[in-house]
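Each remark here refers to the structure printed beneath this line.
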Amino acid sequence: MGRPTSFDSYIVIICCYHSPTAKLRMGSIGTSPVAENGSDTPNGAAVTYDGENKPHSGDGYPPLAAETTPESEASKKRRMSMLPLEVGTSVMCRWRDSKYHPVKVIERRRVHGGGPNDYEYYVHYTEFNRRLDEWVKLDQLDLDSVEAVVDEKVEDKVTSLKMTRHQKRKIDETHVEGHEELDAASLREHEEFTKVKNIATIELGRYEIETWYFSPFPPEYNDSLKLYFCEFCLNFMKRKEQLQRHMRKCDLKHPPGDEIYRNHTLSMFEVDGKKNKVYGQNLCYLAKLFLDHKTLYYDVDLFLFYILCECDDRGCHMVGYFSKEKHSEESYNLACILTLPPYQRKGYGKFLIAFSYELSKKEGKVGTPERPLSDLGLLSYRGYWTRVLLDILKKHKGNISIKELSDMTAIKAEDILTTLQSLELIQYRKGQHVICADPKVLDRHLKAAGPAGLEVDVGKLIWTPYKEQG
């Protein structure tokens with residue numbers, strides 16, 4: 001069947017079977033489950049581990065050590081002959097849930113003061129996101145399950161991972177539905193450079209947060225497993241004492257920049273990367289700990305950062321942020337988005353997404369997030385788009401086109417189309433594409449989309465688009 005040449009060709013037909021009363025439920029970005037971007041899940045998360053996809057045990061995994069029978073001398077010798085395990089080895093590993101899960105050895109390091117075969121191993125749980133990668137001890141591995149090392153070239157993952165902004169600017173790629181691809185060489189280089197998390201935990205305000213991914217901090221921080229951040233200026237230090245001295249001198253009690261939104265204890269600050277370069281770079285270092293396959297931007301001059309804060313008598317404490325380019329030829333209204341793990345699953349991810357679209361409305365433009373989205377971010381956006389569009393379809397009387405939906409919501413027409421297609425709401429009838437808005441179906445999708453998140457009170461937004469500033 002042919003595709004219509006215009007989004008005006010997509011007409012909504014309200015299929016009025018019987019309209020039941022809608023009942024709603026909730027979820028969020030970065031956030032995660034993005035999205036609480038999505039991540040986003042995350043934790044891994046957000047971090048606190050909201051949105052973390054913990055492995056589930058299947059049948060047939062080895063019994064715990066306490067249940068095993070004494071092993072034979074031959075078995076012991078065979079096991080010892082395997083050590084140390086090579087990078088690339090596949091094996092079963094006992095996780096925090098005391099169950100065994102398949103992993104691949106990514107890296108290894110000697111145990112201080114140990115023997116020639118005493119190593120710790122950095123493993124990737126093959127069925128789950130890299131945010132769960134961790135160092136494990138030998139006694140967590142079931143050596144009877146070891147598989148021979150395969151000299152794997154980077155598989156053809158070119159279709160599953162996307163190109164970063166930095167690569168996009170250097171390589172003239174064909175633009176396909178907003179997604180750019182990593183070539184095999186770039187993917188191999190990225191995976192090798194970032195395969196092991198360099199910072200295990202950070203302290204930010206009153207939270208200690210486990211990190212998810214590698215972040216390219218300056219070389220002098222290579223030996224630091226934990227970093228201490230000032231929650232206001234985002235300077236980071238190696239030791240708690242350094243942070244305490246810094247806090248006695250730091251004059252900031254909120255992000256540097258203009259407060260453009262305040263609703264009760266919730267505030268949004270706009271930070272110009274050109275005016276606050278160090279803050280912007282520190283924010284990128286911090287965010288990269290929780291975002292995979294994102295470029296660390298040193299050219300922060302080109303960006304505006306929107307920092308969401310919870311405010312109390314001690315100051316304004318960052319819970320998440322999004323960034324956007326000052327001028328985007330691709331109509332991107334958001335570059336990166338993150339809800340920090342302790343604040344995920346509270347509706348902040350979808351609030352950040354909604355806020356980015358409110359700015360687009362004030363600019364008189366339609367917008368779309370820059371690709372690639374994190375797994376948590378994608379979930380958050382899908383939930384947001386679904387809820388916004390279906391709320392309109394439920395209330396609307398008469399026909400409406402996708403172009404009209406885009407004008408009302410500032411959501412790009414392509415995003416509207418893919419969202420409705422994923423919900424199987426678009427049908428082909430009598431020579432034209434129509435959206436069948438059966439109220440029962442809409443209610444079911446609204447429930448599945450999760451909660452609406454925190455609402456943006458547009459009356460509390462005081463903001464002038466960047467192009468109009470002096």
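Within each chain, counting starts at residue 1; across the structure tokens, chains are named A, B, ... in the order shown, with ligands numbered 1 upward in that order.
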Within 10 Å of segment 307-318 of chain A, counting only C-alpha atoms, which residues qualify if same-chain residues fewer than 3 places away don't, as a ChimeraX atom specification? /A:204-206,231-232,234,252-257,259,261-262,264-271,283,304,321-323,338-340,343,348,351-352
With a distance cut-off of 8 Å and only C-alpha atoms, select the neighbouring residues of Arg108 of chain A, excluding the residue or stretch itself and same-chain residues fewer than 3 positions from it, and output the selection as a list in words.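 Once the adjacent positions are removed, what remains is Val87, Val105, Tyr119, Glu120, Tyr121 and Tyr122 of chain A.
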Just N, CA, C and O atoms for this one: save the residues we selected as a short mmCIF file (atom, residue, chain, number, x, y, z; two decimals), in the first residue's frame.
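Result file follows (result_35.cif):
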data_model
loop_
_atom_site.label_atom_id
_atom_site.label_comp_id
_atom_site.auth_asym_id
_atom_site.auth_seq_id
_atom_site.Cartn_x
_atom_site.Cartn_y
_atom_site.Cartn_z
N VAL A 87 40.52 -12.95 29.02
CA VAL A 87 39.53 -11.97 28.62
C VAL A 87 38.74 -12.53 27.44
O VAL A 87 39.34 -13.08 26.50
N VAL A 105 33.88 -12.31 30.41
CA VAL A 105 34.98 -11.61 31.08
C VAL A 105 35.46 -10.47 30.17
O VAL A 105 35.88 -10.71 29.03
N TYR A 119 43.17 -13.59 40.56
CA TYR A 119 42.68 -12.43 39.81
C TYR A 119 41.25 -12.10 40.23
O TYR A 119 40.50 -12.97 40.68
N GLU A 120 40.89 -10.84 40.02
CA GLU A 120 39.49 -10.44 40.01
C GLU A 120 39.11 -10.21 38.55
O GLU A 120 39.96 -9.86 37.72
N TYR A 121 37.83 -10.39 38.25
CA TYR A 121 37.40 -10.31 36.85
C TYR A 121 36.27 -9.30 36.69
O TYR A 121 35.32 -9.29 37.48
N TYR A 122 36.40 -8.46 35.67
CA TYR A 122 35.34 -7.50 35.34
C TYR A 122 34.45 -8.16 34.30
O TYR A 122 34.91 -8.53 33.21
#
Find the spatial neighbours of Phe355 of chain A, counting only C-alpha atoms, within a cut-off of 10 Å - ignore same-chain residues fewer than 2 positions away - and output them as a list in words.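 Result of the neighbour search: Tyr261, Met268, Tyr306, Phe322, Gly349, Lys350, Phe351, Leu352, Ile353, Tyr357, Glu358, Leu359, Ser360, Lys361, Glu455, Val456, Asp457, Val458 and Leu461 of chain A.
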Any idea what's packed within 10 Å of segment 79-85 of chain A, counting only C-alpha atoms, ignoring anything in its chain fewer than 5 positions away? Could you give it as number ranges by chain? A: 73-74, 90-91, 105, 107-110, 116-121, 138, 142-144, 146, 148-149
Per DSSP on the backbone, filter segment 252-460 of chain A down to the residues in strand (DSSP E) and report them as JSON, numbers by chain. {"A": [258, 259, 260, 261, 262, 263, 266, 267, 268, 269, 270, 271, 272, 303, 304, 305, 306, 307, 308, 309, 310, 311, 312, 315, 316, 317, 318, 319, 320, 321, 322, 323, 324, 325, 332, 333, 334, 336, 337, 338, 339, 368, 369, 426, 427, 428, 429, 432, 433, 434, 435, 436]}
Dump as a compact mmCIF listing (two decimals), in the first residue's frame, selection limited to N, CA and C atoms:
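The result, written out as part.txt:
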# COMPACT_ATOMS: atom_id res chain seq x y z
N ASP A 258 20.00 31.61 35.12
CA ASP A 258 18.73 32.29 35.40
C ASP A 258 17.66 31.28 35.81
N GLU A 259 16.95 31.58 36.89
CA GLU A 259 15.81 30.76 37.28
C GLU A 259 14.63 31.13 36.39
N ILE A 260 14.17 30.19 35.58
CA ILE A 260 13.11 30.50 34.61
C ILE A 260 11.78 29.87 35.01
N TYR A 261 11.79 29.06 36.08
CA TYR A 261 10.55 28.39 36.50
C TYR A 261 10.63 28.12 37.99
N ARG A 262 9.56 28.43 38.71
CA ARG A 262 9.47 28.08 40.14
C ARG A 262 8.02 27.76 40.45
N ASN A 263 7.80 26.55 40.94
CA ASN A 263 6.47 26.12 41.34
C ASN A 263 6.61 25.38 42.66
N LEU A 266 9.88 23.31 43.39
CA LEU A 266 10.51 22.87 42.15
C LEU A 266 10.97 24.07 41.33
N SER A 267 12.25 24.07 40.94
CA SER A 267 12.79 25.18 40.16
C SER A 267 13.54 24.65 38.94
N MET A 268 13.57 25.47 37.89
CA MET A 268 14.35 25.17 36.70
C MET A 268 15.28 26.36 36.41
N PHE A 269 16.55 26.05 36.22
CA PHE A 269 17.53 27.08 35.90
C PHE A 269 18.06 26.86 34.50
N GLU A 270 18.20 27.96 33.75
CA GLU A 270 18.81 27.91 32.42
C GLU A 270 20.26 28.36 32.54
N VAL A 271 21.18 27.50 32.14
CA VAL A 271 22.61 27.78 32.23
C VAL A 271 23.18 27.84 30.82
N ASP A 272 23.80 28.96 30.47
CA ASP A 272 24.43 29.15 29.17
C ASP A 272 25.84 28.55 29.22
N PHE A 303 25.67 25.10 23.79
CA PHE A 303 24.52 24.49 24.44
C PHE A 303 23.92 25.34 25.56
N LEU A 304 22.64 25.11 25.76
CA LEU A 304 21.94 25.61 26.94
C LEU A 304 21.60 24.39 27.79
N PHE A 305 21.78 24.54 29.10
CA PHE A 305 21.49 23.45 30.04
C PHE A 305 20.34 23.87 30.94
N TYR A 306 19.37 22.98 31.08
CA TYR A 306 18.19 23.26 31.92
C TYR A 306 18.23 22.32 33.11
N ILE A 307 18.52 22.88 34.29
CA ILE A 307 18.78 22.11 35.50
C ILE A 307 17.54 22.15 36.39
N LEU A 308 16.97 20.98 36.63
CA LEU A 308 15.80 20.86 37.49
C LEU A 308 16.25 20.63 38.93
N CYS A 309 15.68 21.39 39.87
CA CYS A 309 16.12 21.33 41.26
C CYS A 309 14.95 21.21 42.22
N GLU A 310 15.19 20.52 43.32
CA GLU A 310 14.32 20.57 44.48
C GLU A 310 14.93 21.58 45.45
N CYS A 311 14.11 22.52 45.93
CA CYS A 311 14.64 23.61 46.74
C CYS A 311 14.17 23.50 48.19
N ASP A 312 15.07 23.80 49.10
CA ASP A 312 14.75 23.89 50.52
C ASP A 312 15.59 25.00 51.13
N GLY A 315 19.28 25.24 49.95
CA GLY A 315 19.63 25.57 48.58
C GLY A 315 18.78 24.79 47.59
N CYS A 316 19.20 24.84 46.34
CA CYS A 316 18.50 24.16 45.24
C CYS A 316 19.34 22.96 44.80
N HIS A 317 18.79 21.76 44.94
CA HIS A 317 19.54 20.53 44.74
C HIS A 317 19.14 19.88 43.42
N MET A 318 20.14 19.66 42.57
CA MET A 318 19.87 19.14 41.23
C MET A 318 19.30 17.73 41.29
N VAL A 319 18.21 17.50 40.57
CA VAL A 319 17.63 16.17 40.46
C VAL A 319 17.76 15.60 39.04
N GLY A 320 18.00 16.48 38.07
CA GLY A 320 18.14 16.04 36.68
C GLY A 320 18.34 17.25 35.79
N TYR A 321 18.49 16.99 34.51
CA TYR A 321 18.68 18.11 33.57
C TYR A 321 18.42 17.63 32.15
N PHE A 322 18.26 18.60 31.25
CA PHE A 322 18.39 18.30 29.83
C PHE A 322 19.15 19.44 29.19
N SER A 323 19.75 19.15 28.05
CA SER A 323 20.50 20.17 27.32
C SER A 323 19.93 20.28 25.91
N LYS A 324 20.16 21.40 25.29
CA LYS A 324 19.73 21.57 23.90
C LYS A 324 20.71 22.51 23.21
N GLU A 325 20.88 22.31 21.93
CA GLU A 325 21.72 23.20 21.15
C GLU A 325 21.02 24.55 20.99
N TYR A 332 16.10 19.71 16.73
CA TYR A 332 16.24 19.05 18.02
C TYR A 332 15.91 20.04 19.14
N ASN A 333 15.02 19.64 20.03
CA ASN A 333 14.73 20.49 21.19
C ASN A 333 15.34 19.91 22.46
N LEU A 334 16.12 18.82 22.31
CA LEU A 334 16.77 18.21 23.46
C LEU A 334 17.93 17.37 22.97
N CYS A 336 20.65 15.93 25.46
CA CYS A 336 20.83 14.89 26.49
C CYS A 336 19.80 15.10 27.58
N ILE A 337 19.40 14.01 28.23
CA ILE A 337 18.46 14.11 29.33
C ILE A 337 18.85 13.07 30.38
N LEU A 338 18.76 13.46 31.64
CA LEU A 338 19.13 12.54 32.71
C LEU A 338 18.37 12.91 33.98
N THR A 339 17.78 11.91 34.60
CA THR A 339 17.29 12.04 35.96
C THR A 339 18.26 11.25 36.84
N THR A 368 12.02 17.59 18.44
CA THR A 368 12.24 16.15 18.62
C THR A 368 13.56 15.97 19.34
N PRO A 369 13.70 14.92 20.14
CA PRO A 369 14.98 14.71 20.83
C PRO A 369 16.05 14.21 19.88
N ILE A 426 -3.06 2.92 13.56
CA ILE A 426 -3.22 3.39 12.18
C ILE A 426 -3.66 2.22 11.30
N GLN A 427 -4.72 2.42 10.57
CA GLN A 427 -5.25 1.39 9.69
C GLN A 427 -5.42 1.98 8.28
N TYR A 428 -5.55 1.09 7.32
CA TYR A 428 -5.74 1.51 5.93
C TYR A 428 -7.15 1.15 5.51
N ARG A 429 -7.97 2.19 5.28
CA ARG A 429 -9.37 1.96 4.96
C ARG A 429 -9.78 2.78 3.73
N GLN A 432 -7.24 5.20 2.21
CA GLN A 432 -6.53 6.22 2.98
C GLN A 432 -6.15 5.66 4.36
N HIS A 433 -5.09 6.26 4.95
CA HIS A 433 -4.66 5.88 6.29
C HIS A 433 -5.50 6.65 7.30
N VAL A 434 -6.01 5.91 8.28
CA VAL A 434 -6.82 6.56 9.31
C VAL A 434 -6.36 6.07 10.68
N ILE A 435 -6.63 6.87 11.70
CA ILE A 435 -6.33 6.50 13.07
C ILE A 435 -7.64 6.07 13.71
N CYS A 436 -7.70 4.81 14.09
CA CYS A 436 -8.92 4.29 14.69
C CYS A 436 -8.85 4.49 16.20
Would you mind listing what lies within 12 Å of segment 239-244 of chain A as number ranges by chain, with only C-alpha atoms counted and same-chain residues fewer than 5 positions away left out? A: 202-205, 221, 223-234, 249-250
With C-alpha atoms retained, could you export that selection as an mmCIF file, in the first residue's frame?
data_model
loop_
_atom_site.group_PDB
_atom_site.id
_atom_site.type_symbol
_atom_site.label_atom_id
_atom_site.label_comp_id
_atom_site.auth_asym_id
_atom_site.auth_seq_id
_atom_site.Cartn_x
_atom_site.Cartn_y
_atom_site.Cartn_z
ATOM 1 C CA ILE A 202 30.112 9.399 43.576
ATOM 2 C CA GLU A 203 28.898 11.508 46.456
ATOM 3 C CA LEU A 204 26.515 14.280 45.451
ATOM 4 C CA GLY A 205 24.776 16.212 48.185
ATOM 5 C CA TYR A 221 41.505 11.075 38.511
ATOM 6 C CA ASP A 223 43.227 6.194 40.395
ATOM 7 C CA SER A 224 40.001 7.361 42.074
ATOM 8 C CA LEU A 225 37.208 4.845 42.577
ATOM 9 C CA LYS A 226 35.026 7.482 44.283
ATOM 10 C CA LEU A 227 34.598 11.177 43.537
ATOM 11 C CA TYR A 228 33.012 13.901 45.651
ATOM 12 C CA PHE A 229 30.927 16.529 43.835
ATOM 13 C CA CYS A 230 29.845 19.941 45.047
ATOM 14 C CA GLU A 231 26.119 19.758 44.342
ATOM 15 C CA PHE A 232 25.941 23.460 43.442
ATOM 16 C CA CYS A 233 28.956 24.209 41.205
ATOM 17 C CA LEU A 234 29.638 20.525 40.321
ATOM 18 C CA LYS A 249 34.199 28.634 50.370
ATOM 19 C CA CYS A 250 31.613 27.957 47.642
#
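Shortest atom-to-atom contact with Leu423 of chain A among A:Ile400, A:Ile106, A:Ala452, A:Leu390: A:Leu390, counting only C-alpha atoms.
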Can you check which residues of segment 300-417 of chain A DSSP gives as alpha helix (DSSP H) on the backbone and send them as a VMD selection string? chain A and resid 348 to 363 375 to 395 402 to 409 413 to 417
Generate a file of the selected residues that holds C-alpha atoms, formatted as an mmCIF file, in the first residue's frame.
data_model
loop_
_atom_site.group_PDB
_atom_site.id
_atom_site.type_symbol
_atom_site.label_atom_id
_atom_site.label_comp_id
_atom_site.auth_asym_id
_atom_site.auth_seq_id
_atom_site.Cartn_x
_atom_site.Cartn_y
_atom_site.Cartn_z
ATOM 1 C CA TYR A 348 10.829 14.047 36.931
ATOM 2 C CA GLY A 349 11.844 12.450 33.630
ATOM 3 C CA LYS A 350 8.539 13.143 31.956
ATOM 4 C CA PHE A 351 8.530 16.610 33.512
ATOM 5 C CA LEU A 352 11.842 17.354 31.769
ATOM 6 C CA ILE A 353 10.461 16.069 28.474
ATOM 7 C CA ALA A 354 7.267 18.114 28.845
ATOM 8 C CA PHE A 355 9.334 21.188 29.740
ATOM 9 C CA SER A 356 11.387 20.853 26.535
ATOM 10 C CA TYR A 357 8.169 20.850 24.486
ATOM 11 C CA GLU A 358 6.806 23.875 26.347
ATOM 12 C CA LEU A 359 9.957 25.752 25.319
ATOM 13 C CA SER A 360 9.383 24.646 21.721
ATOM 14 C CA LYS A 361 5.824 25.976 21.869
ATOM 15 C CA LYS A 362 7.113 29.352 23.064
ATOM 16 C CA GLU A 363 9.574 29.328 20.164
ATOM 17 C CA ASP A 375 17.142 2.843 26.728
ATOM 18 C CA LEU A 376 15.542 4.622 29.668
ATOM 19 C CA GLY A 377 15.134 7.830 27.702
ATOM 20 C CA LEU A 378 13.363 6.018 24.882
ATOM 21 C CA LEU A 379 10.907 4.457 27.307
ATOM 22 C CA SER A 380 10.197 7.839 28.841
ATOM 23 C CA TYR A 381 9.605 9.489 25.465
ATOM 24 C CA ARG A 382 7.329 6.722 24.253
ATOM 25 C CA GLY A 383 5.296 7.036 27.422
ATOM 26 C CA TYR A 384 5.120 10.826 27.102
ATOM 27 C CA TRP A 385 4.138 10.823 23.412
ATOM 28 C CA THR A 386 1.521 8.125 23.998
ATOM 29 C CA ARG A 387 -0.122 9.939 26.868
ATOM 30 C CA VAL A 388 -0.159 13.377 25.225
ATOM 31 C CA LEU A 389 -1.536 12.112 21.916
ATOM 32 C CA LEU A 390 -4.137 9.748 23.332
ATOM 33 C CA ASP A 391 -5.394 12.360 25.793
ATOM 34 C CA ILE A 392 -6.116 14.606 22.810
ATOM 35 C CA LEU A 393 -7.765 11.826 20.791
ATOM 36 C CA LYS A 394 -10.038 10.917 23.695
ATOM 37 C CA LYS A 395 -11.303 14.474 24.080
ATOM 38 C CA ILE A 402 -1.350 14.372 12.212
ATOM 39 C CA LYS A 403 -0.286 17.840 11.080
ATOM 40 C CA GLU A 404 -2.875 19.340 13.406
ATOM 41 C CA LEU A 405 -1.735 17.097 16.266
ATOM 42 C CA SER A 406 1.827 18.295 15.670
ATOM 43 C CA ASP A 407 0.762 21.942 15.752
ATOM 44 C CA MET A 408 -1.095 21.407 19.032
ATOM 45 C CA THR A 409 1.666 19.513 20.839
ATOM 46 C CA ALA A 413 4.972 14.638 12.856
ATOM 47 C CA GLU A 414 7.310 11.667 12.362
ATOM 48 C CA ASP A 415 7.308 10.984 16.117
ATOM 49 C CA ILE A 416 3.511 11.125 16.166
ATOM 50 C CA LEU A 417 3.303 8.697 13.261
#
